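This report concerns only the one structure given below.
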Number of protein chains: 2
Amino acid sequence: MARRGGGEPVCKVDFFDPKRVASVRRRLKPDETLLSLAETFKALGDLTRIKIVFALAQQELCVCDLANLLGTTKSAVSHQLRVLRNMRLVRYRKDGKMVYYSLDDDHIKRLFDEGLRHVEEMG
Amino acid sequence: MARRGGGEPVCKVDFFDPKRVASVRRRLKPDETLLSLAETFKALGDLTRIKIVFALAQQELCVCDLANLLGTTKSAVSHQLRVLRNMRLVRYRKDGKMVYYSLDDDHIKRLFDEGLRHVEEMG
DNA sequence: GCTATAATTGAACAATTATTCAACTATCTT
DNA sequence: AAGATAGTTGAATAATTGTTCAATTATAGC
């Protein structure tokens, strides 16, 4: 998001179908819900994080495993895991010094698979 | 993405489980596929675009309708529609001066609904 | 207590992004 | 042909984002 200036937003629309618009507006979910939804998708909208999710869909892994798999640092992975944690996409358990991550629930795998199907049928 | 400097990437990982990592790496999809997937999710990862997708899931709308619904300009909507078009999330048909947009296929609706279910169960 | 290792965190910076504005194309009406 | 309207596009800019580096926390073994 990136609004400019401070002026009030002006709707430069010349013509629209009030019936169509009203009908959709009535069914529109609250901003709060849609924002959470957008943020969930955004959390999946990065190559590194998608790889993390794919990997965790196979099996539980520690931060070191992920860093090695992705060829990056533990720090970078940890930062990205936080994004996924914030959106409740992954969970973790501690075992001594290690922290093992896994997908939070089956929704995530279904979401991932549904997206993959779209991409693979896109050609 | 935002790499800094020019040095070669260094893997600062001290220890990892080679068996686990190798097993996951073997099943990892090609970068190209995962990048498309990430970009698809990224296209859905914005409040304005999520609202557009939600609206189009209800019914076909023209750019003016969308601009009015979202309280923004046709220009802003048009820019965002291009992002969605690029990822084949929406299609359009022209009718005179008007351009009517709709969701490209049922995958999109399922993807959206699956995400919504996750968010609404998140609490 | 001391050292080593796993992971997290905050600051900094380059890259990316969303909206605005202005200019433009295309289509309809007269 | 001229004027009006629907939509697209490019440039500019403020905000956001991902990785790196350095410092820190927490646990294990000696």
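Labels used: A, B, ... for chains in the order of the structure tokens, numbers from 1 for residues in each chain, and numbers from 1 for ligands as shown.
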
Query raised in the report: Out of chain B, which residues get strand (DSSP E or B) from DSSP, as number ranges by chain?
Result: B: 61-62, 90-95, 98-103

Hand me chain B as it sits after a least-squares fit onto chain A over every Cα, paired in order, written as a CSV table (one decimal) with C-alpha atoms, in the first residue's frame.
chain,number,residue,atom,x,y,z
B,1,MET,CA,-0.2,0.2,0.0
B,2,ALA,CA,1.1,3.6,-0.7
B,3,ARG,CA,-1.1,6.7,-0.8
B,4,ARG,CA,0.4,9.9,-1.9
B,5,GLY,CA,-0.2,13.4,-0.6
B,6,GLY,CA,-2.8,14.3,1.9
B,7,GLY,CA,-5.9,15.3,0.0
B,8,GLU,CA,-9.2,13.4,0.5
B,9,PRO,CA,-9.7,10.5,-1.9
B,10,VAL,CA,-11.7,11.5,-5.0
B,11,CYS,CA,-13.8,9.0,-6.9
B,12,LYS,CA,-13.2,9.8,-10.6
B,13,VAL,CA,-15.9,7.4,-11.7
B,14,ASP,CA,-18.2,8.8,-14.3
B,15,PHE,CA,-20.8,6.1,-14.7
B,16,PHE,CA,-21.6,2.8,-13.1
B,17,ASP,CA,-24.5,0.4,-12.5
B,18,PRO,CA,-25.9,1.2,-9.0
B,19,LYS,CA,-27.8,-2.1,-8.9
B,20,ARG,CA,-24.9,-4.3,-9.6
B,21,VAL,CA,-22.6,-2.4,-7.3
B,22,ALA,CA,-25.1,-2.3,-4.4
B,23,SER,CA,-25.7,-6.0,-4.8
B,24,VAL,CA,-22.0,-6.8,-4.5
B,25,ARG,CA,-21.4,-4.3,-1.7
B,26,ARG,CA,-24.1,-5.9,0.4
B,27,ARG,CA,-22.3,-9.3,0.3
B,28,LEU,CA,-18.8,-7.8,0.8
B,29,LYS,CA,-17.1,-9.2,3.9
B,30,PRO,CA,-15.8,-6.7,6.5
B,31,ASP,CA,-12.4,-5.1,5.7
B,32,GLU,CA,-10.8,-6.8,8.7
B,33,THR,CA,-11.6,-10.2,7.3
B,34,LEU,CA,-10.5,-9.4,3.8
B,35,LEU,CA,-7.3,-7.8,5.1
B,36,SER,CA,-6.4,-11.0,7.0
B,37,LEU,CA,-7.1,-12.9,3.9
B,38,ALA,CA,-4.9,-10.7,1.8
B,39,GLU,CA,-2.1,-11.0,4.4
B,40,THR,CA,-2.4,-14.7,4.4
B,41,PHE,CA,-2.0,-14.8,0.6
B,42,LYS,CA,0.8,-12.3,0.8
B,43,ALA,CA,2.6,-14.5,3.3
B,44,LEU,CA,2.6,-17.2,0.6
B,45,GLY,CA,3.6,-14.7,-2.1
B,46,ASP,CA,7.3,-15.1,-1.9
B,47,LEU,CA,9.6,-17.7,-3.5
B,48,THR,CA,11.6,-18.3,-0.3
B,49,ARG,CA,8.4,-18.8,1.8
B,50,ILE,CA,6.7,-20.9,-0.8
B,51,LYS,CA,9.7,-23.2,-0.7
B,52,ILE,CA,9.6,-23.3,3.0
B,53,VAL,CA,5.9,-24.3,2.9
B,54,PHE,CA,6.5,-26.9,0.3
B,55,ALA,CA,9.3,-28.4,2.3
B,56,LEU,CA,7.3,-28.4,5.5
B,57,ALA,CA,4.4,-30.1,3.6
B,58,GLN,CA,6.8,-33.0,3.1
B,59,GLN,CA,8.0,-33.2,6.7
B,60,GLU,CA,8.9,-31.4,9.9
B,61,LEU,CA,12.3,-29.6,9.6
B,62,CYS,CA,14.5,-27.5,11.8
B,63,VAL,CA,15.8,-24.0,10.8
B,64,CYS,CA,19.2,-25.4,9.9
B,65,ASP,CA,17.6,-27.9,7.6
B,66,LEU,CA,15.6,-25.2,5.8
B,67,ALA,CA,18.6,-22.9,5.6
B,68,ASN,CA,20.6,-25.7,4.0
B,69,LEU,CA,17.8,-26.7,1.6
B,70,LEU,CA,17.3,-23.1,0.4
B,71,GLY,CA,21.0,-22.2,0.4
B,72,THR,CA,20.6,-19.3,2.6
B,73,THR,CA,21.3,-18.2,6.2
B,74,LYS,CA,19.4,-19.2,9.4
B,75,SER,CA,18.7,-15.6,9.9
B,76,ALA,CA,16.9,-15.2,6.6
B,77,VAL,CA,14.9,-18.3,7.2
B,78,SER,CA,14.1,-17.3,10.7
B,79,HIS,CA,12.8,-13.9,9.5
B,80,GLN,CA,10.6,-15.6,6.9
B,81,LEU,CA,9.3,-18.2,9.4
B,82,ARG,CA,8.1,-15.4,11.6
B,83,VAL,CA,6.0,-14.1,8.7
B,84,LEU,CA,4.5,-17.6,8.3
B,85,ARG,CA,4.0,-17.9,12.0
B,86,ASN,CA,2.2,-14.6,12.2
B,87,MET,CA,-0.3,-15.8,9.7
B,88,ARG,CA,-0.6,-19.1,11.5
B,89,LEU,CA,0.6,-21.0,8.5
B,90,VAL,CA,3.3,-22.9,10.4
B,91,ARG,CA,3.7,-24.1,14.0
B,92,TYR,CA,6.8,-25.1,15.9
B,93,ARG,CA,8.0,-27.3,18.7
B,94,LYS,CA,11.2,-27.0,20.6
B,95,ASP,CA,13.5,-29.9,21.3
B,96,GLY,CA,16.6,-28.9,23.2
B,97,LYS,CA,18.4,-26.3,21.1
B,98,MET,CA,16.5,-27.2,18.0
B,99,VAL,CA,13.2,-25.8,16.8
B,100,TYR,CA,11.2,-27.9,14.5
B,101,TYR,CA,8.7,-26.3,12.2
B,102,SER,CA,5.7,-27.9,10.5
B,103,LEU,CA,2.5,-26.8,8.7
B,104,ASP,CA,-0.1,-25.5,11.1
B,105,ASP,CA,-3.0,-27.5,9.7
B,106,ASP,CA,-4.5,-29.2,6.6
B,107,HIS,CA,-6.0,-26.0,5.2
B,108,ILE,CA,-2.5,-24.8,4.3
B,109,LYS,CA,-1.7,-27.9,2.3
B,110,ARG,CA,-5.0,-27.7,0.5
B,111,LEU,CA,-4.5,-24.0,-0.2
B,112,PHE,CA,-1.0,-24.8,-1.5
B,113,ASP,CA,-2.2,-27.7,-3.7
B,114,GLU,CA,-5.1,-25.7,-5.1
B,115,GLY,CA,-2.7,-22.9,-6.1
B,116,LEU,CA,-0.3,-25.4,-7.6
B,117,ARG,CA,-3.0,-27.0,-9.7
B,118,HIS,CA,-3.9,-23.5,-11.0
B,119,VAL,CA,-0.3,-22.8,-11.9
B,120,GLU,CA,0.3,-26.2,-13.5
B,121,GLU,CA,-2.8,-26.0,-15.6
B,122,MET,CA,-1.8,-22.5,-16.7
B,123,GLY,CA,0.9,-23.8,-19.0

Quick one: everything within 12 Å of DG3 of chain D, counting only C-alpha atoms (C1' of nucleotides), minus sequence neighbours fewer than 2 positions away in the same chain. Send it as a short mmCIF file (atom, residue, chain, number, x, y, z; two decimals) with N, CA, C and O atoms (P, O5', C5', C4', C3', O3' and C1' of nucleotides), in the first residue's frame.
data_model
loop_
_atom_site.label_atom_id
_atom_site.label_comp_id
_atom_site.auth_asym_id
_atom_site.auth_seq_id
_atom_site.Cartn_x
_atom_site.Cartn_y
_atom_site.Cartn_z
P DC C 28 -18.84 0.86 -30.07
"O5'" DC C 28 -19.77 2.11 -29.72
"C5'" DC C 28 -20.14 2.33 -28.36
"C4'" DC C 28 -20.63 3.76 -28.21
"C3'" DC C 28 -21.77 4.11 -29.19
"O3'" DC C 28 -22.92 4.47 -28.43
"C1'" DC C 28 -20.10 5.81 -29.12
P DT C 29 -24.30 4.81 -29.22
"O5'" DT C 29 -24.22 6.40 -29.32
"C5'" DT C 29 -23.90 7.16 -28.15
"C4'" DT C 29 -24.08 8.65 -28.45
"C3'" DT C 29 -25.22 8.96 -29.41
"O3'" DT C 29 -25.94 10.08 -28.91
"C1'" DT C 29 -23.18 9.86 -30.25
P DT C 30 -27.35 10.46 -29.61
"O5'" DT C 30 -27.02 11.78 -30.40
"C5'" DT C 30 -26.37 12.87 -29.72
"C4'" DT C 30 -25.74 13.82 -30.75
"C3'" DT C 30 -26.67 14.15 -31.91
"O3'" DT C 30 -27.10 15.51 -31.82
"C1'" DT C 30 -24.43 13.69 -32.65
P DA D 1 -12.15 13.39 -40.26
"O5'" DA D 1 -13.50 14.31 -40.19
"C5'" DA D 1 -13.60 15.65 -40.67
"C4'" DA D 1 -14.27 16.47 -39.58
"C3'" DA D 1 -13.43 16.59 -38.31
"O3'" DA D 1 -13.54 17.89 -37.76
"C1'" DA D 1 -15.50 15.54 -37.80
P DT D 5 -19.33 12.96 -20.66
"O5'" DT D 5 -18.93 11.41 -20.67
"C5'" DT D 5 -19.79 10.47 -21.33
"C4'" DT D 5 -19.03 9.17 -21.50
"C3'" DT D 5 -18.33 8.68 -20.23
"O3'" DT D 5 -18.69 7.33 -20.02
"C1'" DT D 5 -16.85 8.66 -22.05
#

Report task. Could you please select, counting only C-alpha atoms (C1' of nucleotides), the residues of chain C within 9 Å of chain B and state them as number ranges by chain? Result -> C: 5-6, 13-16, 18-20, 26-28

Requested in this report: Mind the document's chain letters and residue numbers, and return as number ranges by chain the residues of chain B that DSSP labels alpha helix (DSSP H).
Outcome: B: 18-27, 31-44, 47-58, 63-70, 74-86, 106-122

Query raised in the report: Which is closer to chain B than all the others in D:DA2, D:DA12, D:DG7, D:DT25, using only C-alpha atoms (C1' of nucleotides)?
Result: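 Of D:DA2, D:DA12, D:DG7, D:DT25, the one nearest chain B, counting only C-alpha atoms (C1' of nucleotides), is D:DG7.
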
Query - Best match for closeness to chain B among D:DA14, D:DA4, D:DT27, D:DT19, counting only C-alpha atoms (C1' of nucleotides) - result: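 Of all the options, D:DT19 lies closest to chain B.
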
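With only C-alpha atoms (C1' of nucleotides) as the basis for measurement, D:DC30 is the residue among D:DC30, D:DA11, D:DA6, D:DA22 that approaches DC2 of chain C most closely.
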
Requested in this report: To one decimal in Å, tell me the separation between atom C1' of DT3 of chain C and atom C1' of DG29 of chain D.
Outcome: 9.2 Å
